[in-house]
Amino acid sequence: VKQAPVPADLDLSSLDYLPLMVNRLLSSDTWLLATGDEAKAAVTLWCRAWHQVPAGSLPSDDRLLAALSGAGSKWKKVKAVALRGFTVCEDGRLYHTVLCAIALEEQRKRLAHLSRRMATGLRATVFERDKFTCVYCGDTEGPFECDHVIPASRGGTFSLENLATACRDCNQEKGARTPEEWRQ
Ligand SMILES: [Zn+2]
């Protein structure tokens, strides 16, 4: 039995959209061969799976699937087509390979966005702590940059203790050196 393609806690339920690859959908066998009822159940299940935890999965239970798909008493008739692309994994849930790949990509984008926002917030905190003054030359005019005292390329962290306000000139001159190396 396959391992689940996404982490068990992958939760995209706060995303109100599902990115669909238009050409991929329109040329897929499921779409081309499905009846109206089958296609409706399939798309409904993709949307439901998108908001399940983990994202891209469904419970492997006919009663639940009949309800989730909206097919109700027609579930048995549409099941085979509506569940195309889903396979049972080792936790007993159904996973849609393509949906899970899209979910992982969305999660990657979300985390990247989050870390950019954190970096912006961190920079503002550092500037305020240093009272908008370059810690190296005392310049108060700016423009300021956020300097890694121990350069990131040499293992310096993004912790507040390792970040300092530097004017652009000092930051560029210092480059990938520690303050001690720079002063020499
Ligand atoms: Zn300076």
# chains A, B, ... in the order shown; residues from 1 in each chain; ligands from 1
>>> residues_near_ligand(ligand="ligand 1", cutoff="7 Å", atoms="only C-alpha atoms and all ligand atoms", output="list of chain:residue names")
A:Cys134, A:Val135, A:Tyr136, A:Cys137, A:Gly138, A:Asp139, A:Ala166, A:Cys167, A:Arg168, A:Asp169, A:Cys170
>>> write_last_selection(atoms="all heavy atoms", output="PDB file, in the first residue's frame")
ATOM      1  N   CYS A 134      22.605  53.761  12.245  1.00  0.00           N
ATOM      2  CA  CYS A 134      23.555  52.734  11.826  1.00  0.00           C
ATOM      3  C   CYS A 134      24.449  52.380  13.016  1.00  0.00           C
ATOM      4  O   CYS A 134      25.070  53.260  13.605  1.00  0.00           O
ATOM      5  CB  CYS A 134      24.399  53.239  10.649  1.00  0.00           C
ATOM      6  SG  CYS A 134      25.716  52.092  10.186  1.00  0.00           S
ATOM      7  N   VAL A 135      24.484  51.088  13.362  1.00  0.00           N
ATOM      8  CA  VAL A 135      25.263  50.699  14.539  1.00  0.00           C
ATOM      9  C   VAL A 135      26.770  50.794  14.280  1.00  0.00           C
ATOM     10  O   VAL A 135      27.559  50.762  15.213  1.00  0.00           O
ATOM     11  CB  VAL A 135      24.933  49.256  15.016  1.00  0.00           C
ATOM     12  CG1 VAL A 135      23.468  49.130  15.402  1.00  0.00           C
ATOM     13  CG2 VAL A 135      25.305  48.236  13.938  1.00  0.00           C
ATOM     14  N   TYR A 136      27.156  50.951  13.024  1.00  0.00           N
ATOM     15  CA  TYR A 136      28.585  50.981  12.708  1.00  0.00           C
ATOM     16  C   TYR A 136      29.131  52.403  12.633  1.00  0.00           C
ATOM     17  O   TYR A 136      30.197  52.689  13.143  1.00  0.00           O
ATOM     18  CB  TYR A 136      28.845  50.229  11.401  1.00  0.00           C
ATOM     19  CG  TYR A 136      28.445  48.769  11.500  1.00  0.00           C
ATOM     20  CD1 TYR A 136      27.387  48.263  10.737  1.00  0.00           C
ATOM     21  CD2 TYR A 136      29.105  47.909  12.375  1.00  0.00           C
ATOM     22  CE1 TYR A 136      27.001  46.929  10.833  1.00  0.00           C
ATOM     23  CE2 TYR A 136      28.726  46.577  12.490  1.00  0.00           C
ATOM     24  CZ  TYR A 136      27.675  46.098  11.717  1.00  0.00           C
ATOM     25  OH  TYR A 136      27.307  44.787  11.829  1.00  0.00           O
ATOM     26  N   CYS A 137      28.382  53.326  11.996  1.00  0.00           N
ATOM     27  CA  CYS A 137      28.914  54.686  11.824  1.00  0.00           C
ATOM     28  C   CYS A 137      28.055  55.757  12.475  1.00  0.00           C
ATOM     29  O   CYS A 137      28.411  56.926  12.468  1.00  0.00           O
ATOM     30  CB  CYS A 137      29.105  54.987  10.340  1.00  0.00           C
ATOM     31  SG  CYS A 137      27.545  55.266   9.473  1.00  0.00           S
ATOM     32  N   GLY A 138      26.921  55.385  13.036  1.00  0.00           N
ATOM     33  CA  GLY A 138      26.081  56.358  13.711  1.00  0.00           C
ATOM     34  C   GLY A 138      25.191  57.171  12.785  1.00  0.00           C
ATOM     35  O   GLY A 138      24.516  58.100  13.228  1.00  0.00           O
ATOM     36  N   ASP A 139      25.193  56.848  11.503  1.00  0.00           N
ATOM     37  CA  ASP A 139      24.360  57.569  10.543  1.00  0.00           C
ATOM     38  C   ASP A 139      22.881  57.459  10.910  1.00  0.00           C
ATOM     39  O   ASP A 139      22.421  56.390  11.302  1.00  0.00           O
ATOM     40  CB  ASP A 139      24.597  56.995   9.140  1.00  0.00           C
ATOM     41  CG  ASP A 139      23.657  57.597   8.112  1.00  0.00           C
ATOM     42  OD1 ASP A 139      23.944  58.714   7.658  1.00  0.00           O
ATOM     43  OD2 ASP A 139      22.636  56.960   7.787  1.00  0.00           O
ATOM     44  N   ALA A 166      22.077  48.884   9.721  1.00  0.00           N
ATOM     45  CA  ALA A 166      23.281  49.433   9.091  1.00  0.00           C
ATOM     46  C   ALA A 166      22.867  50.344   7.947  1.00  0.00           C
ATOM     47  O   ALA A 166      21.889  50.060   7.257  1.00  0.00           O
ATOM     48  CB  ALA A 166      24.176  48.314   8.572  1.00  0.00           C
ATOM     49  N   CYS A 167      23.596  51.450   7.775  1.00  0.00           N
ATOM     50  CA  CYS A 167      23.327  52.258   6.592  1.00  0.00           C
ATOM     51  C   CYS A 167      23.810  51.458   5.380  1.00  0.00           C
ATOM     52  O   CYS A 167      24.611  50.528   5.524  1.00  0.00           O
ATOM     53  CB  CYS A 167      24.020  53.625   6.682  1.00  0.00           C
ATOM     54  SG  CYS A 167      25.814  53.536   6.499  1.00  0.00           S
ATOM     55  N   ARG A 168      23.317  51.817   4.213  1.00  0.00           N
ATOM     56  CA  ARG A 168      23.632  51.029   3.025  1.00  0.00           C
ATOM     57  C   ARG A 168      25.140  50.978   2.758  1.00  0.00           C
ATOM     58  O   ARG A 168      25.691  49.932   2.435  1.00  0.00           O
ATOM     59  CB  ARG A 168      22.889  51.606   1.805  1.00  0.00           C
ATOM     60  CG  ARG A 168      23.074  50.773   0.552  1.00  0.00           C
ATOM     61  CD  ARG A 168      22.123  51.206  -0.523  1.00  0.00           C
ATOM     62  NE  ARG A 168      20.734  50.885  -0.168  1.00  0.00           N
ATOM     63  CZ  ARG A 168      19.675  51.396  -0.781  1.00  0.00           C
ATOM     64  NH1 ARG A 168      19.827  52.265  -1.750  1.00  0.00           N
ATOM     65  NH2 ARG A 168      18.466  51.042  -0.424  1.00  0.00           N
ATOM     66  N   ASP A 169      25.823  52.111   2.974  1.00  0.00           N
ATOM     67  CA  ASP A 169      27.271  52.161   2.723  1.00  0.00           C
ATOM     68  C   ASP A 169      28.018  51.171   3.613  1.00  0.00           C
ATOM     69  O   ASP A 169      28.841  50.398   3.134  1.00  0.00           O
ATOM     70  CB  ASP A 169      27.803  53.581   2.982  1.00  0.00           C
ATOM     71  CG  ASP A 169      27.335  54.541   1.889  1.00  0.00           C
ATOM     72  OD1 ASP A 169      26.863  54.042   0.838  1.00  0.00           O
ATOM     73  OD2 ASP A 169      27.437  55.769   2.098  1.00  0.00           O
ATOM     74  N   CYS A 170      27.690  51.202   4.924  1.00  0.00           N
ATOM     75  CA  CYS A 170      28.369  50.296   5.851  1.00  0.00           C
ATOM     76  C   CYS A 170      28.058  48.843   5.506  1.00  0.00           C
ATOM     77  O   CYS A 170      28.951  47.999   5.486  1.00  0.00           O
ATOM     78  CB  CYS A 170      27.949  50.582   7.292  1.00  0.00           C
ATOM     79  SG  CYS A 170      28.739  52.062   7.967  1.00  0.00           S
TER      80      CYS A 170
END
>>> select_by_dssp(residues="segment 98-150 of chain A", states="alpha helix (DSSP H)", output="count of residues only")
32
>>> closest_residue(among="A:Thr120, A:Ser69, A:Gln52, A:Gln172", to="Leu99 of chain A", atoms="only C-alpha atoms")
A:Gln52
>>> atom_distance(atom1="atom CA of Ser27 of chain A", atom2="atom CA of Ser14 of chain A")
29.1 Å
>>> closest_residue(among="A:Trp75, A:Trp182, A:Trp50, A:Phe86", to="Leu20 of chain A", atoms="only C-alpha atoms")
A:Trp50
>>> residues_around(residues="Leu65 of chain A", least_positions_apart="6", cutoff="9 Å", atoms="only C-alpha atoms", output="list in words")
Leu45, Leu58, Pro59, Ala71, Gly72, Trp75 and Lys79 of chain A
>>> write_last_selection(atoms="C-alpha atoms", output="PDB file, in the first residue's frame")
ATOM      1  CA  LEU A  45     -15.236  15.548  -4.454  1.00  0.00           C
ATOM      2  CA  LEU A  58     -11.111  11.707   1.265  1.00  0.00           C
ATOM      3  CA  PRO A  59     -12.470   9.227   3.778  1.00  0.00           C
ATOM      4  CA  ALA A  71     -24.667  12.215  -5.326  1.00  0.00           C
ATOM      5  CA  GLY A  72     -26.688  10.698  -2.489  1.00  0.00           C
ATOM      6  CA  TRP A  75     -23.438   7.357  -5.488  1.00  0.00           C
ATOM      7  CA  LYS A  79     -18.576   6.141  -7.896  1.00  0.00           C
TER       8      LYS A  79
END
>>> select_by_dssp(residues="segment 33-100 of chain A", states="strand (DSSP E)", output="MDAnalysis selection string")
chainID A and resid 57:58 86:88 94:96
>>> closest_residue(among="A:Ser60, A:Thr30, A:Thr44, A:Ser13", to="Gln107 of chain A", atoms="only C-alpha atoms")
A:Ser13
>>> atom_distance(atom1="atom CA of Arg108 of chain A", atom2="atom CA of Leu122 of chain A")
20.9 Å
>>> residues_around(residues="Pro19 of chain A", least_positions_apart="6", cutoff="12 Å", atoms="only C-alpha atoms", output="list in words")
Leu25, Trp46, Cys47, Trp50, Val98, Leu99, Cys100, Ala101, Ile102, Ala103, Leu104, Glu105 and Glu106 of chain A
>>> write_last_selection(atoms="all heavy atoms", output="short mmCIF file (atom, residue, chain, number, x, y, z; two decimals), in the first residue's frame")
data_model
loop_
_atom_site.label_atom_id
_atom_site.label_comp_id
_atom_site.auth_asym_id
_atom_site.auth_seq_id
_atom_site.Cartn_x
_atom_site.Cartn_y
_atom_site.Cartn_z
N LEU A 25 -7.58 19.47 -17.16
CA LEU A 25 -8.94 19.04 -16.84
C LEU A 25 -9.72 18.72 -18.11
O LEU A 25 -10.30 17.64 -18.24
CB LEU A 25 -9.68 20.13 -16.05
CG LEU A 25 -11.18 19.88 -15.86
CD1 LEU A 25 -11.41 18.70 -14.93
CD2 LEU A 25 -11.89 21.12 -15.34
N TRP A 46 -13.42 16.72 -5.60
CA TRP A 46 -12.12 17.41 -5.62
C TRP A 46 -12.17 18.60 -4.65
O TRP A 46 -11.24 18.84 -3.90
CB TRP A 46 -11.76 17.92 -7.02
CG TRP A 46 -11.62 16.86 -8.04
CD1 TRP A 46 -11.43 15.53 -7.83
CD2 TRP A 46 -11.67 17.04 -9.46
NE1 TRP A 46 -11.36 14.86 -9.03
CE2 TRP A 46 -11.50 15.76 -10.06
CE3 TRP A 46 -11.83 18.13 -10.30
CZ2 TRP A 46 -11.49 15.56 -11.43
CZ3 TRP A 46 -11.82 17.95 -11.68
CH2 TRP A 46 -11.66 16.67 -12.24
N CYS A 47 -13.28 19.34 -4.72
CA CYS A 47 -13.41 20.51 -3.84
C CYS A 47 -13.46 20.08 -2.38
O CYS A 47 -12.85 20.70 -1.51
CB CYS A 47 -14.66 21.31 -4.19
SG CYS A 47 -14.61 22.02 -5.84
N TRP A 50 -10.03 18.98 -1.25
CA TRP A 50 -9.16 20.16 -1.08
C TRP A 50 -9.25 20.70 0.33
O TRP A 50 -8.28 21.18 0.89
CB TRP A 50 -9.59 21.20 -2.11
CG TRP A 50 -8.70 22.41 -2.19
CD1 TRP A 50 -9.04 23.69 -1.87
CD2 TRP A 50 -7.35 22.46 -2.66
NE1 TRP A 50 -7.98 24.53 -2.10
CE2 TRP A 50 -6.94 23.80 -2.58
CE3 TRP A 50 -6.44 21.50 -3.13
CZ2 TRP A 50 -5.66 24.22 -2.96
CZ3 TRP A 50 -5.17 21.92 -3.50
CH2 TRP A 50 -4.80 23.25 -3.41
N VAL A 98 -2.89 14.12 -8.27
CA VAL A 98 -2.72 15.46 -8.84
C VAL A 98 -3.10 16.52 -7.82
O VAL A 98 -2.39 17.51 -7.61
CB VAL A 98 -3.56 15.62 -10.13
CG1 VAL A 98 -3.47 17.04 -10.66
CG2 VAL A 98 -3.11 14.62 -11.18
N LEU A 99 -4.22 16.30 -7.15
CA LEU A 99 -4.69 17.25 -6.14
C LEU A 99 -3.65 17.43 -5.03
O LEU A 99 -3.40 18.55 -4.57
CB LEU A 99 -6.00 16.71 -5.56
CG LEU A 99 -7.13 17.68 -5.22
CD1 LEU A 99 -7.39 18.65 -6.36
CD2 LEU A 99 -8.40 16.90 -4.89
N CYS A 100 -3.06 16.33 -4.62
CA CYS A 100 -2.04 16.40 -3.56
C CYS A 100 -0.81 17.17 -4.03
O CYS A 100 -0.22 17.93 -3.26
CB CYS A 100 -1.65 14.99 -3.11
SG CYS A 100 -2.91 14.21 -2.09
N ALA A 101 -0.43 17.00 -5.30
CA ALA A 101 0.71 17.74 -5.83
C ALA A 101 0.40 19.23 -5.83
O ALA A 101 1.25 20.06 -5.46
CB ALA A 101 1.05 17.25 -7.23
N ILE A 102 -0.82 19.60 -6.22
CA ILE A 102 -1.22 21.01 -6.22
C ILE A 102 -1.24 21.54 -4.78
O ILE A 102 -0.80 22.65 -4.50
CB ILE A 102 -2.61 21.20 -6.87
CG1 ILE A 102 -2.59 20.72 -8.32
CG2 ILE A 102 -3.04 22.66 -6.82
CD1 ILE A 102 -3.97 20.69 -8.98
N ALA A 103 -1.72 20.71 -3.85
CA ALA A 103 -1.80 21.13 -2.44
C ALA A 103 -0.41 21.40 -1.88
O ALA A 103 -0.19 22.40 -1.17
CB ALA A 103 -2.51 20.05 -1.62
N LEU A 104 0.55 20.54 -2.21
CA LEU A 104 1.92 20.74 -1.72
C LEU A 104 2.50 22.03 -2.27
O LEU A 104 3.20 22.77 -1.57
CB LEU A 104 2.80 19.55 -2.11
CG LEU A 104 2.57 18.26 -1.32
CD1 LEU A 104 3.42 17.14 -1.88
CD2 LEU A 104 2.88 18.47 0.16
N GLU A 105 2.23 22.32 -3.54
CA GLU A 105 2.72 23.54 -4.17
C GLU A 105 2.10 24.78 -3.50
O GLU A 105 2.79 25.76 -3.24
CB GLU A 105 2.42 23.50 -5.68
CG GLU A 105 2.77 24.75 -6.44
CD GLU A 105 4.26 25.11 -6.42
OE1 GLU A 105 5.07 24.24 -6.03
OE2 GLU A 105 4.59 26.26 -6.75
N GLU A 106 0.81 24.72 -3.23
CA GLU A 106 0.15 25.83 -2.54
C GLU A 106 0.73 26.05 -1.16
O GLU A 106 0.94 27.19 -0.74
CB GLU A 106 -1.36 25.57 -2.42
CG GLU A 106 -2.14 25.83 -3.68
CD GLU A 106 -1.98 27.27 -4.20
OE1 GLU A 106 -2.09 28.22 -3.42
OE2 GLU A 106 -1.71 27.42 -5.40
#
>>> closest_residue(among="A:Asp11, A:Glu173, A:Asp62, A:Asp37", to="Ala49 of chain A", atoms="only C-alpha atoms")
A:Asp11
